[in-house]
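This is input_37.pdb. It holds PDB, C-alpha atoms.
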ATOM      1  CA  MET A   1       0.000   0.000   0.000
ATOM      2  CA  ALA A   2       1.261   3.433  -0.832
ATOM      3  CA  GLY A   3       2.973   5.230   2.006
ATOM      4  CA  SER A   4       3.504   2.064   4.053
ATOM      5  CA  SER A   5       6.998   1.231   5.273
ATOM      6  CA  VAL A   6       8.648  -2.073   4.558
ATOM      7  CA  GLU A   7      10.365  -3.680   7.569
ATOM      8  CA  ALA A   8      13.857  -5.024   7.095
ATOM      9  CA  PRO A   9      14.055  -8.812   7.189
ATOM     10  CA  VAL A  10      15.552 -10.473  10.229
ATOM     11  CA  GLY A  11      19.328 -10.899   9.991
ATOM     12  CA  VAL A  12      19.843  -8.038   7.568
ATOM     13  CA  THR A  13      23.267  -6.431   7.692
ATOM     14  CA  ASP A  14      24.014  -2.803   8.347
ATOM     15  CA  PRO A  15      25.578  -0.547   5.688
ATOM     16  CA  ALA A  16      29.048  -1.679   6.790
ATOM     17  CA  GLY A  17      28.189  -5.283   5.999
ATOM     18  CA  ALA A  18      27.986  -6.543   9.588
ATOM     19  CA  ALA A  19      24.962  -8.201  11.146
ATOM     20  CA  GLN A  20      22.774  -5.937  13.234
ATOM     21  CA  GLY A  21      23.876  -5.932  16.859
ATOM     22  CA  TYR A  22      27.322  -7.308  16.082
ATOM     23  CA  ARG A  23      30.130  -5.681  18.064
ATOM     24  CA  PRO A  24      33.694  -6.935  17.477
ATOM     25  CA  SER A  25      34.744  -5.824  20.962
ATOM     26  CA  ALA A  26      32.114  -8.086  22.516
ATOM     27  CA  THR A  27      33.437 -11.261  20.913
ATOM     28  CA  MET A  28      35.675 -13.671  22.830
ATOM     29  CA  PRO A  29      35.510 -12.029  26.281
ATOM     30  CA  PHE A  30      38.627 -12.117  28.433
ATOM     31  CA  ALA A  31      36.840 -13.829  31.331
ATOM     32  CA  ALA A  32      35.545 -16.604  29.099
ATOM     33  CA  GLU A  33      38.997 -17.293  27.647
ATOM     34  CA  PHE A  34      40.543 -17.155  31.137
ATOM     35  CA  ARG A  35      38.075 -19.799  32.396
ATOM     36  CA  ARG A  36      38.604 -21.863  29.270
ATOM     37  CA  GLN A  37      42.351 -21.940  29.749
ATOM     38  CA  ALA A  38      41.909 -22.682  33.460
ATOM     39  CA  SER A  39      40.066 -25.881  32.553
ATOM     40  CA  ARG A  40      42.983 -27.163  30.474
ATOM     41  CA  ARG A  41      45.177 -29.835  32.009
ATOM     42  CA  ARG A  42      48.454 -28.118  31.066
ATOM     43  CA  THR A  43      47.375 -24.977  32.938
ATOM     44  CA  GLN A  44      46.441 -26.937  36.022
ATOM     45  CA  LEU A  45      49.664 -28.965  35.977
ATOM     46  CA  ALA A  46      51.890 -25.927  35.401
ATOM     47  CA  LEU A  47      50.309 -23.874  38.183
ATOM     48  CA  GLY A  48      50.196 -26.909  40.451
ATOM     49  CA  PHE A  49      53.905 -27.487  39.982
ATOM     50  CA  MET A  50      54.616 -23.870  40.888
ATOM     51  CA  VAL A  51      52.979 -24.568  44.245
ATOM     52  CA  LEU A  52      54.592 -27.977  44.616
ATOM     53  CA  LEU A  53      58.191 -26.998  43.840
ATOM     54  CA  PRO A  54      58.874 -24.955  47.009
ATOM     55  CA  LEU A  55      57.387 -27.768  49.073
ATOM     56  CA  ILE A  56      59.676 -30.290  47.356
ATOM     57  CA  ILE A  57      62.689 -28.080  48.083
ATOM     58  CA  LEU A  58      61.555 -27.725  51.682
ATOM     59  CA  VAL A  59      61.294 -31.488  52.107
ATOM     60  CA  ALA A  60      64.665 -31.997  50.392
ATOM     61  CA  PHE A  61      66.308 -29.671  52.900
ATOM     62  CA  GLN A  62      65.133 -31.933  55.689
ATOM     63  CA  PHE A  63      67.311 -34.712  54.296
ATOM     64  CA  ASN A  64      70.399 -32.497  54.173
ATOM     65  CA  SER A  65      72.904 -34.198  56.473
ATOM     66  CA  GLY A  66      75.369 -31.310  56.334
ATOM     67  CA  ASP A  67      78.349 -33.557  55.579
ATOM     68  CA  ASP A  68      78.267 -33.534  51.773
ATOM     69  CA  ASP A  69      81.549 -33.519  49.883
ATOM     70  CA  ASN A  70      80.630 -30.235  48.216
ATOM     71  CA  GLY A  71      79.697 -28.554  51.448
ATOM     72  CA  ASN A  72      82.096 -25.656  50.869
ATOM     73  CA  ASN A  73      80.993 -24.680  47.380
ATOM     74  CA  GLU A  74      78.930 -21.654  46.455
ATOM     75  CA  PHE A  75      75.702 -23.583  46.034
ATOM     76  CA  ALA A  76      76.032 -25.062  49.504
ATOM     77  CA  SER A  77      76.383 -21.559  50.937
ATOM     78  CA  LEU A  78      73.133 -20.593  49.192
ATOM     79  CA  VAL A  79      71.438 -23.597  50.764
ATOM     80  CA  ASP A  80      72.673 -22.476  54.173
ATOM     81  CA  LEU A  81      71.217 -19.033  53.564
ATOM     82  CA  ALA A  82      67.930 -20.526  52.341
ATOM     83  CA  THR A  83      67.328 -22.226  55.674
ATOM     84  CA  SER A  84      67.867 -19.049  57.680
ATOM     85  CA  GLY A  85      64.409 -17.554  57.119
ATOM     86  CA  GLY A  86      61.328 -17.413  54.932
ATOM     87  CA  LEU A  87      62.623 -14.523  52.829
ATOM     88  CA  ASN A  88      65.876 -16.342  52.176
ATOM     89  CA  PHE A  89      64.012 -19.522  51.274
ATOM     90  CA  THR A  90      61.924 -17.532  48.793
ATOM     91  CA  LEU A  91      65.042 -16.007  47.263
ATOM     92  CA  PHE A  92      66.585 -19.457  46.883
ATOM     93  CA  SER A  93      63.430 -20.815  45.200
ATOM     94  CA  ILE A  94      63.473 -17.912  42.732
ATOM     95  CA  PHE A  95      67.202 -18.372  42.124
ATOM     96  CA  VAL A  96      66.917 -22.064  41.173
ATOM     97  CA  SER A  97      63.835 -21.459  38.998
ATOM     98  CA  ALA A  98      64.645 -18.263  37.112
ATOM     99  CA  SER A  99      67.120 -19.579  34.555
ATOM    100  CA  PHE A 100      65.084 -22.495  33.192
ATOM    101  CA  LEU A 101      61.843 -23.499  34.932
ATOM    102  CA  LEU A 102      60.151 -20.104  34.658
ATOM    103  CA  VAL A 103      61.308 -19.852  31.049
ATOM    104  CA  VAL A 104      59.615 -23.170  30.248
ATOM    105  CA  VAL A 105      56.387 -22.198  32.040
ATOM    106  CA  VAL A 106      56.100 -18.835  30.270
ATOM    107  CA  ALA A 107      56.925 -20.470  26.928
ATOM    108  CA  LEU A 108      54.229 -23.074  27.625
ATOM    109  CA  PHE A 109      51.483 -20.541  28.299
ATOM    110  CA  CYS A 110      52.402 -18.202  25.433
ATOM    111  CA  GLY A 111      53.556 -20.766  22.877
ATOM    112  CA  ASP A 112      50.656 -23.171  23.250
ATOM    113  CA  THR A 113      47.806 -20.661  23.203
ATOM    114  CA  VAL A 114      47.327 -20.219  19.411
ATOM    115  CA  ALA A 115      49.206 -23.237  18.054
ATOM    116  CA  SER A 116      47.050 -25.641  20.071
ATOM    117  CA  GLU A 117      43.879 -24.160  18.544
ATOM    118  CA  ALA A 118      45.360 -24.708  15.098
ATOM    119  CA  SER A 119      46.380 -28.296  15.885
ATOM    120  CA  TRP A 120      42.865 -29.076  17.164
ATOM    121  CA  GLY A 121      41.322 -27.524  14.043
ATOM    122  CA  SER A 122      39.278 -25.060  16.115
ATOM    123  CA  LEU A 123      41.086 -21.865  15.120
ATOM    124  CA  ARG A 124      39.150 -21.347  11.920
ATOM    125  CA  TYR A 125      35.860 -21.827  13.786
ATOM    126  CA  LEU A 126      36.797 -19.109  16.291
ATOM    127  CA  LEU A 127      37.436 -16.746  13.399
ATOM    128  CA  ALA A 128      34.149 -17.756  11.779
ATOM    129  CA  ILE A 129      32.062 -16.651  14.813
ATOM    130  CA  PRO A 130      33.377 -14.100  13.699
ATOM    131  CA  VAL A 131      36.127 -13.008  16.088
ATOM    132  CA  PRO A 132      38.417 -10.372  14.530
ATOM    133  CA  ARG A 133      41.949 -11.697  14.241
ATOM    134  CA  ALA A 134      43.500  -8.853  16.190
ATOM    135  CA  ARG A 135      40.889  -9.321  18.921
ATOM    136  CA  LEU A 136      41.591 -13.052  19.128
ATOM    137  CA  LEU A 137      45.343 -12.529  19.397
ATOM    138  CA  THR A 138      44.989  -9.747  21.971
ATOM    139  CA  VAL A 139      42.757 -11.778  24.274
ATOM    140  CA  LYS A 140      44.899 -14.885  23.999
ATOM    141  CA  LEU A 141      48.082 -12.918  24.651
ATOM    142  CA  VAL A 142      46.665 -11.121  27.689
ATOM    143  CA  VAL A 143      45.357 -14.390  29.154
ATOM    144  CA  ALA A 144      48.697 -16.120  28.550
ATOM    145  CA  LEU A 145      50.545 -13.262  30.249
ATOM    146  CA  ALA A 146      48.085 -13.337  33.139
ATOM    147  CA  TYR A 147      48.744 -17.037  33.757
ATOM    148  CA  SER A 148      52.486 -16.486  33.419
ATOM    149  CA  GLY A 149      52.338 -13.785  36.085
ATOM    150  CA  LEU A 150      50.148 -15.988  38.248
ATOM    151  CA  ALA A 151      52.698 -18.805  38.014
ATOM    152  CA  LEU A 152      55.465 -16.458  39.178
ATOM    153  CA  LEU A 153      53.360 -15.236  42.102
ATOM    154  CA  LEU A 154      52.368 -18.758  43.115
ATOM    155  CA  LEU A 155      55.994 -19.869  43.188
ATOM    156  CA  ALA A 156      57.137 -16.912  45.304
ATOM    157  CA  GLY A 157      54.027 -16.856  47.487
ATOM    158  CA  THR A 158      54.164 -20.547  48.309
ATOM    159  CA  ALA A 159      57.892 -20.343  49.049
ATOM    160  CA  LEU A 160      57.372 -17.326  51.327
ATOM    161  CA  VAL A 161      54.548 -18.933  53.313
ATOM    162  CA  ALA A 162      56.183 -22.360  53.580
ATOM    163  CA  GLY A 163      59.622 -20.931  54.324
ATOM    164  CA  THR A 164      58.314 -18.556  56.984
ATOM    165  CA  LEU A 165      56.355 -21.318  58.703
ATOM    166  CA  ARG A 166      59.414 -23.561  58.724
ATOM    167  CA  TYR A 167      62.318 -21.141  59.255
ATOM    168  CA  GLY A 168      60.666 -18.036  60.676
ATOM    169  CA  TRP A 169      60.448 -14.366  59.684
ATOM    170  CA  SER A 170      64.093 -13.298  59.587
ATOM    171  CA  PRO A 171      66.156 -10.636  57.798
ATOM    172  CA  LEU A 172      67.051 -11.209  54.168
ATOM    173  CA  ARG A 173      70.648 -12.222  53.623
ATOM    174  CA  SER A 174      72.534 -12.837  50.407
ATOM    175  CA  THR A 175      76.087 -13.184  49.170
ATOM    176  CA  VAL A 176      75.986  -9.777  47.445
ATOM    177  CA  ALA A 177      74.524  -7.532  50.141
ATOM    178  CA  ALA A 178      74.436  -6.704  53.790
ATOM    179  CA  GLU A 179      71.646  -8.080  55.941
ATOM    180  CA  LEU A 180      68.300  -6.455  55.172
ATOM    181  CA  GLU A 181      65.452  -6.059  57.637
ATOM    182  CA  PRO A 182      62.395  -8.217  56.810
ATOM    183  CA  THR A 183      60.273  -5.319  55.550
ATOM    184  CA  GLU A 184      62.977  -3.992  53.255
ATOM    185  CA  GLY A 185      63.890  -7.547  52.250
ATOM    186  CA  LEU A 186      60.299  -8.198  51.197
ATOM    187  CA  LEU A 187      60.298  -5.041  49.077
ATOM    188  CA  ARG A 188      63.552  -6.154  47.440
ATOM    189  CA  LEU A 189      62.016  -9.538  46.618
ATOM    190  CA  LEU A 190      58.980  -7.844  45.075
ATOM    191  CA  ALA A 191      61.348  -5.759  42.940
ATOM    192  CA  VAL A 192      63.145  -8.946  41.882
ATOM    193  CA  LEU A 193      59.839 -10.535  40.867
ATOM    194  CA  GLY A 194      58.899  -7.433  38.906
ATOM    195  CA  TYR A 195      62.169  -7.439  37.019
ATOM    196  CA  LEU A 196      61.922 -11.163  36.264
ATOM    197  CA  ALA A 197      58.418 -10.608  34.932
ATOM    198  CA  VAL A 198      59.764  -7.955  32.542
ATOM    199  CA  VAL A 199      62.691 -10.133  31.417
ATOM    200  CA  LEU A 200      60.383 -13.073  30.763
ATOM    201  CA  LEU A 201      58.387 -10.904  28.352
ATOM    202  CA  VAL A 202      61.084 -11.788  25.819
ATOM    203  CA  VAL A 203      60.220 -15.481  26.180
ATOM    204  CA  ALA A 204      56.531 -14.625  26.010
ATOM    205  CA  GLY A 205      57.003 -12.626  22.827
ATOM    206  CA  LEU A 206      59.159 -15.233  21.120
ATOM    207  CA  ALA A 207      56.884 -18.127  22.066
ATOM    208  CA  PHE A 208      53.811 -16.175  20.936
ATOM    209  CA  LEU A 209      55.418 -15.390  17.579
ATOM    210  CA  LEU A 210      56.243 -19.058  17.047
ATOM    211  CA  SER A 211      52.725 -19.997  18.154
ATOM    212  CA  VAL A 212      51.132 -18.057  15.285
ATOM    213  CA  THR A 213      53.736 -19.351  12.843
ATOM    214  CA  THR A 214      53.339 -23.085  13.405
ATOM    215  CA  ASP A 215      50.461 -25.475  14.065
ATOM    216  CA  ALA A 216      52.630 -27.550  16.413
ATOM    217  CA  ALA A 217      52.337 -26.312  19.996
ATOM    218  CA  LEU A 218      55.349 -28.364  21.086
ATOM    219  CA  GLY A 219      57.434 -26.736  18.365
ATOM    220  CA  ALA A 220      56.464 -23.235  19.517
ATOM    221  CA  VAL A 221      57.198 -23.973  23.179
ATOM    222  CA  GLY A 222      60.388 -25.915  22.500
ATOM    223  CA  GLY A 223      61.619 -23.415  19.937
ATOM    224  CA  ALA A 224      61.297 -20.515  22.371
ATOM    225  CA  VAL A 225      63.123 -22.423  25.118
ATOM    226  CA  LEU A 226      65.904 -23.546  22.774
ATOM    227  CA  LEU A 227      66.472 -20.044  21.407
ATOM    228  CA  TRP A 228      66.628 -18.690  24.968
ATOM    229  CA  ILE A 229      69.231 -21.353  25.847
ATOM    230  CA  LEU A 230      71.188 -20.523  22.685
ATOM    231  CA  SER A 231      71.229 -16.854  23.635
ATOM    232  CA  SER A 232      72.453 -17.795  27.131
ATOM    233  CA  ILE A 233      75.283 -19.862  25.662
ATOM    234  CA  LEU A 234      76.349 -17.081  23.311
ATOM    235  CA  ASP A 235      76.307 -14.648  26.209
ATOM    236  CA  GLN A 236      79.046 -16.714  27.880
ATOM    237  CA  ILE A 237      81.390 -16.240  24.915
ATOM    238  CA  THR A 238      83.456 -13.222  25.932
ATOM    239  CA  ALA A 239      85.026 -13.024  22.456
ATOM    240  CA  LEU A 240      81.747 -11.507  21.235
ATOM    241  CA  GLY A 241      82.541  -8.403  23.251
ATOM    242  CA  GLY A 242      79.946  -5.667  23.087
ATOM    243  CA  LEU A 243      77.688  -7.729  20.844
ATOM    244  CA  ARG A 244      76.590  -9.618  23.943
ATOM    245  CA  ASP A 245      74.774  -6.500  25.142
ATOM    246  CA  PHE A 246      72.239  -7.030  22.370
ATOM    247  CA  LEU A 247      71.444 -10.608  23.346
ATOM    248  CA  PRO A 248      68.034 -10.921  25.055
ATOM    249  CA  THR A 249      69.568 -12.939  27.902
ATOM    250  CA  HIS A 250      72.504 -10.645  28.628
ATOM    251  CA  PHE A 251      70.725  -8.813  31.455
ATOM    252  CA  SER A 252      68.667 -11.771  32.677
ATOM    253  CA  THR A 253      70.592 -11.940  35.974
ATOM    254  CA  ALA A 254      70.681  -8.188  36.573
ATOM    255  CA  TRP A 255      68.083  -8.711  39.332
ATOM    256  CA  LEU A 256      70.998  -9.598  41.624
ATOM    257  CA  GLY A 257      71.797  -5.883  41.642
ATOM    258  CA  LEU A 258      68.471  -5.280  43.392
ATOM    259  CA  LEU A 259      69.810  -7.229  46.371
ATOM    260  CA  SER A 260      73.112  -5.387  46.655
ATOM    261  CA  THR A 261      73.960  -2.578  49.066
ATOM    262  CA  PRO A 262      73.531   0.011  47.694
ATOM    263  CA  VAL A 263      71.061  -1.084  45.008
ATOM    264  CA  GLN A 264      72.594  -1.350  41.524
ATOM    265  CA  THR A 265      69.998  -0.336  38.932
ATOM    266  CA  ASP A 266      72.047   0.461  35.817
ATOM    267  CA  ASP A 267      71.836  -3.055  34.363
ATOM    268  CA  VAL A 268      68.247  -3.364  35.577
ATOM    269  CA  VAL A 269      67.230  -0.342  33.496
ATOM    270  CA  ARG A 270      69.137  -1.648  30.473
ATOM    271  CA  GLY A 271      67.554  -5.051  30.930
ATOM    272  CA  CYS A 272      64.051  -3.593  31.057
ATOM    273  CA  ILE A 273      64.638  -1.572  27.887
ATOM    274  CA  SER A 274      66.077  -4.605  26.101
ATOM    275  CA  ALA A 275      63.278  -6.941  27.197
ATOM    276  CA  ILE A 276      60.459  -4.551  26.320
ATOM    277  CA  SER A 277      62.044  -3.804  22.941
ATOM    278  CA  TYR A 278      62.400  -7.477  22.043
ATOM    279  CA  ALA A 279      58.919  -8.349  23.308
ATOM    280  CA  THR A 280      57.332  -5.498  21.362
ATOM    281  CA  LEU A 281      59.170  -6.575  18.207
ATOM    282  CA  PHE A 282      58.095 -10.215  18.556
ATOM    283  CA  TRP A 283      54.481  -9.329  19.336
ATOM    284  CA  GLY A 284      54.372  -6.917  16.420
ATOM    285  CA  LEU A 285      55.646  -9.615  14.066
ATOM    286  CA  ALA A 286      53.116 -12.065  15.503
ATOM    287  CA  PHE A 287      50.193  -9.724  14.814
ATOM    288  CA  TRP A 288      51.542  -8.874  11.358
ATOM    289  CA  ARG A 289      51.953 -12.545  10.471
ATOM    290  CA  PHE A 290      48.624 -13.734  11.850
ATOM    291  CA  THR A 291      46.509 -11.018  10.249
ATOM    292  CA  ARG A 292      47.915 -11.942   6.836
ATOM    293  CA  LYS A 293      48.160 -15.724   6.896
ATOM    294  CA  ASP A 294      45.581 -18.184   5.520
ATOM    295  CA  ILE A 295      43.917 -20.081   8.365
ATOM    296  CA  THR A 296      43.294 -23.626   7.175
ATOM    297  CA  SER A 297      43.231 -25.463  10.500
TER     298      SER A 297
END

Now that the file is in, can you turn its structure into C-alpha cells?
Amino acid sequence: MAGSSVEAPVGVTDPAGAAQGYRPSATMPFAAEFRRQASRRRTQLALGFMVLLPLIILVAFQFNSGDDDNGNNEFASLVDLATSGGLNFTLFSIFVSASFLLVVVVALFCGDTVASEASWGSLRYLLAIPVPRARLLTVKLVVALAYSGLALLLLAGTALVAGTLRYGWSPLRSTVAAELEPTEGLLRLLAVLGYLAVVLLVVAGLAFLLSVTTDAALGAVGGAVLLWILSSILDQITALGGLRDFLPTHFSTAWLGLLSTPVQTDDVVRGCISAISYATLFWGLAFWRFTRKDITS
C-alpha cells in the first residue's frame, strides 16, 4: 500500500556489511577465555607445579645431612642461607627457577595458546564466529601473560609462606649484600619478581610469535626455550665483546643488583629496555603474520 513502510528482514546487515547488533569488541571475552584456559590440564599442571616446587625443596632440605663432599661450594652456601628464614628460602626458590623453569612455564602458556587451537582444528571456527583476528590474538596474549604472572606469584608466594612457617620471619641475607630487615627484604624480593616478569616478556614474545607461525604447539614452546638457551650460551662467549649486550639474555641476571647494598639499577634499566624492545618486536611480528596468513586449520 502506498505510504507504508517495509520492515527489514531479520538478519539483515548494516551498511558496513555486519549483522545488526554485532560488536567486534564483545566477541571472545577475556573472562571466558581465562576460564577456558583454566580448565585445560596443562594450565592446572603448570600452576600446580609452581605450588609444589617450594614444598619439594623444603622437604629436600630436611634430608640435608650437612656432611656432603661439596659442602664448601657456592651452592652449599646458598642452601645455608635458604634455611635461615622465609625470605631467604623464597630467594633461593626464585634463584633455582629463574634460569630455566620459569622460562619453560612462560613459553608453555604463550607458545601453546594459538598453536594448540590450530592443531585441534578449532582456530578457523573461532574466526568464523566471527572473532576479529586482532581481537583473538589480543585476548589470547593477555590471558597467557596473566597465567604467566600468576605462576610467578604462586611460586614466590608458596615459598614465602612455607619458608616462613618452617624457618621463621628473619632478615634477608645474600652473598651480594648486607643483611636487610624483613620489611625492606620483602620489598627487594617484590622488585626482583617485577624485574623477572619484565625479562620473561622476551620469552613470552618469542613463544607467541612461534605460536602463530606453526600449528605444532610443542614446536612453539620448544623453539622458544631452545632459542633462549642458545642466547644464554652465546652470552658466555666473551670473544663476542659488546655484541653480547644485544642478546636478550645478557641482562637476565641483573636482578641480583636489586639485592646489593647500595642497590645497583644500571643493568636493571638496560635489561628492562632490552626486554620490552624485544617483546614489542616479537608481538608486532606475531600480529603482522597472523593477520595476513591463511587459516586452514

Go through the shown structure with the PyMOL selection byres ((chain A and resi 141) around 12) and write out the matching residues as a ChimeraX atom specification.
/A:30,33-34,37,106-107,109-114,134-140,142-148,201,204-209,211-212,279,283-284,286-287

Give me, as a PyMOL selection string, all polymer residues having an atom no more than 12 Å from Leu190 of chain A, counting all atoms listed in the file and skipping those fewer than 4 positions away in the same chain.
chain A and resi 87+90-91+94+152-153+156-157+160+183-186+194-197+255+258-259

Residues at most 8 Å from Val51 of chain A, counting all atoms listed in the file, excluding those fewer than 5 positions away in the same chain, as a PyMOL selection string?
chain A and resi 154-155+158

Counting only C-alpha atoms, which of A:Ser260, A:Gln236, A:Ser174, A:Thr253 gets nearest to Asp80 of chain A?
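Under the stated criterion, the closest residue is A:Ser174.
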
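One distance worth recording is that between atom CA of Phe92 of chain A and atom CA of Ile56 of chain A, which is 12.9 Å.
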
Quick check, in Å to one decimal: how far apart do atom CA of Phe290 of chain A and atom CA of Cys272 of chain A lie?
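Computed distance, atom CA of Phe290 of chain A to atom CA of Cys272 of chain A, equals 26.6 Å.
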
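In this comparison, which uses only C-alpha atoms, the residue of A:Ile233, A:Ala38, A:Leu102, A:Ala217 approaching Leu193 of chain A most closely is A:Leu102.
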
At a cut-off of 12 Å from (70.7, -6.2, 20.8) in the coordinates of the file, what residues are picked up using all atoms listed in the file, written as a list in words?
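All residues meeting the 12 Å criterion around (70.7, -6.2, 20.8) are Ser231, Asp235, Gly242, Leu243, Arg244, Asp245, Phe246, Leu247, Pro248, Thr249, His250, Phe251, Arg270, Gly271, Ile273, Ser274, Ala275, Ile276, Ser277, Tyr278 and Leu281 of chain A.
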
Excluding segment 165-171 of chain A and its own-chain neighbours fewer than 6 positions away, which residues fall within 6 Å of it when counting all atoms listed in the file? Please give them as a list in words.
Gly85, Gly86, Leu180, Glu181 and Pro182 of chain A

Could you check the closest approach to Thr164 of chain A for each of A:Gly149, A:Pro54, A:Gly257, A:Pro132 and tell me which residue wins, using all atoms listed in the file?
A:Pro54

Could you jot down the atom CA of Leu234 of chain A to atom CA of Ser252 of chain A separation for me, Å, one decimal place?
13.2 Å

On this file, the PyMOL selection byres ((chain A and resi 104) around 9) gives some set of residues; write that set as a PyMOL selection string.
chain A and resi 100-103+105-109+203+221-222+224-225

Box centre and edge lengths (Å, one decimal), axis-aligned, segment 95-114 of chain A plus 8 Å each side, as lines of an AutoDock Vina configuration file:
center_x = 57.3
center_y = -20.9
center_z = 30.8
size_x = 35.9
size_y = 21.3
size_z = 38.7

Considering only C-alpha atoms, can you say which of A:Val131, A:Val79, A:Asp215, A:Trp228 comes closest to Arg173 of chain A?
A:Val79

Calculated over only C-alpha atoms, which of the candidates A:Thr280, A:Val59, A:Thr291, A:Leu53 has the smallest distance to Ala159 of chain A?
A:Leu53

Take segment 250-257 of chain A from the preceding structure and save all heavy atoms as an mmCIF file, in the first residue's frame.
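So the final result, stored in selection_13.cif, reads:
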data_model
loop_
_atom_site.group_PDB
_atom_site.id
_atom_site.type_symbol
_atom_site.label_atom_id
_atom_site.label_comp_id
_atom_site.auth_asym_id
_atom_site.auth_seq_id
_atom_site.Cartn_x
_atom_site.Cartn_y
_atom_site.Cartn_z
ATOM 1 N N HIS A 250 71.305 -11.240 28.038
ATOM 2 C CA HIS A 250 72.504 -10.645 28.628
ATOM 3 C C HIS A 250 72.227 -10.036 30.002
ATOM 4 O O HIS A 250 73.079 -10.095 30.909
ATOM 5 C CB HIS A 250 73.079 -9.577 27.698
ATOM 6 C CG HIS A 250 74.348 -8.970 28.202
ATOM 7 N ND1 HIS A 250 75.534 -9.674 28.281
ATOM 8 C CD2 HIS A 250 74.628 -7.714 28.668
ATOM 9 C CE1 HIS A 250 76.488 -8.895 28.765
ATOM 10 N NE2 HIS A 250 75.966 -7.700 29.011
ATOM 11 N N PHE A 251 71.054 -9.460 30.183
ATOM 12 C CA PHE A 251 70.725 -8.813 31.455
ATOM 13 C C PHE A 251 69.751 -9.651 32.285
ATOM 14 O O PHE A 251 69.094 -9.121 33.186
ATOM 15 C CB PHE A 251 70.116 -7.435 31.194
ATOM 16 C CG PHE A 251 71.034 -6.496 30.462
ATOM 17 C CD1 PHE A 251 70.872 -6.267 29.099
ATOM 18 C CD2 PHE A 251 72.074 -5.851 31.121
ATOM 19 C CE1 PHE A 251 71.721 -5.399 28.421
ATOM 20 C CE2 PHE A 251 72.917 -4.977 30.453
ATOM 21 C CZ PHE A 251 72.747 -4.759 29.097
ATOM 22 N N SER A 252 69.653 -10.936 31.986
ATOM 23 C CA SER A 252 68.667 -11.771 32.677
ATOM 24 C C SER A 252 68.968 -11.951 34.154
ATOM 25 O O SER A 252 68.070 -12.251 34.945
ATOM 26 C CB SER A 252 68.580 -13.143 31.990
ATOM 27 O OG SER A 252 69.833 -13.806 32.029
ATOM 28 N N THR A 253 70.234 -11.796 34.557
ATOM 29 C CA THR A 253 70.592 -11.940 35.974
ATOM 30 C C THR A 253 70.846 -10.593 36.646
ATOM 31 O O THR A 253 71.387 -10.547 37.750
ATOM 32 C CB THR A 253 71.843 -12.832 36.123
ATOM 33 O OG1 THR A 253 72.934 -12.243 35.397
ATOM 34 C CG2 THR A 253 71.580 -14.228 35.602
ATOM 35 N N ALA A 254 70.452 -9.517 35.999
ATOM 36 C CA ALA A 254 70.681 -8.188 36.573
ATOM 37 C C ALA A 254 69.878 -7.975 37.848
ATOM 38 O O ALA A 254 70.153 -7.039 38.607
ATOM 39 C CB ALA A 254 70.330 -7.103 35.549
ATOM 40 N N TRP A 255 68.887 -8.848 38.117
ATOM 41 C CA TRP A 255 68.083 -8.711 39.332
ATOM 42 C C TRP A 255 68.928 -8.880 40.598
ATOM 43 O O TRP A 255 68.523 -8.434 41.679
ATOM 44 C CB TRP A 255 66.935 -9.719 39.339
ATOM 45 C CG TRP A 255 67.335 -11.161 39.224
ATOM 46 C CD1 TRP A 255 67.481 -11.872 38.076
ATOM 47 C CD2 TRP A 255 67.629 -12.062 40.296
ATOM 48 N NE1 TRP A 255 67.850 -13.161 38.355
ATOM 49 C CE2 TRP A 255 67.936 -13.308 39.717
ATOM 50 C CE3 TRP A 255 67.640 -11.945 41.679
ATOM 51 C CZ2 TRP A 255 68.273 -14.427 40.473
ATOM 52 C CZ3 TRP A 255 67.971 -13.061 42.447
ATOM 53 C CH2 TRP A 255 68.280 -14.280 41.846
ATOM 54 N N LEU A 256 70.114 -9.485 40.464
ATOM 55 C CA LEU A 256 70.998 -9.598 41.624
ATOM 56 C C LEU A 256 71.413 -8.218 42.137
ATOM 57 O O LEU A 256 71.681 -8.046 43.329
ATOM 58 C CB LEU A 256 72.236 -10.416 41.263
ATOM 59 C CG LEU A 256 71.996 -11.902 40.969
ATOM 60 C CD1 LEU A 256 73.261 -12.550 40.423
ATOM 61 C CD2 LEU A 256 71.527 -12.623 42.227
ATOM 62 N N GLY A 257 71.461 -7.242 41.232
ATOM 63 C CA GLY A 257 71.797 -5.883 41.642
ATOM 64 C C GLY A 257 70.761 -5.263 42.560
ATOM 65 O O GLY A 257 71.060 -4.332 43.312
#
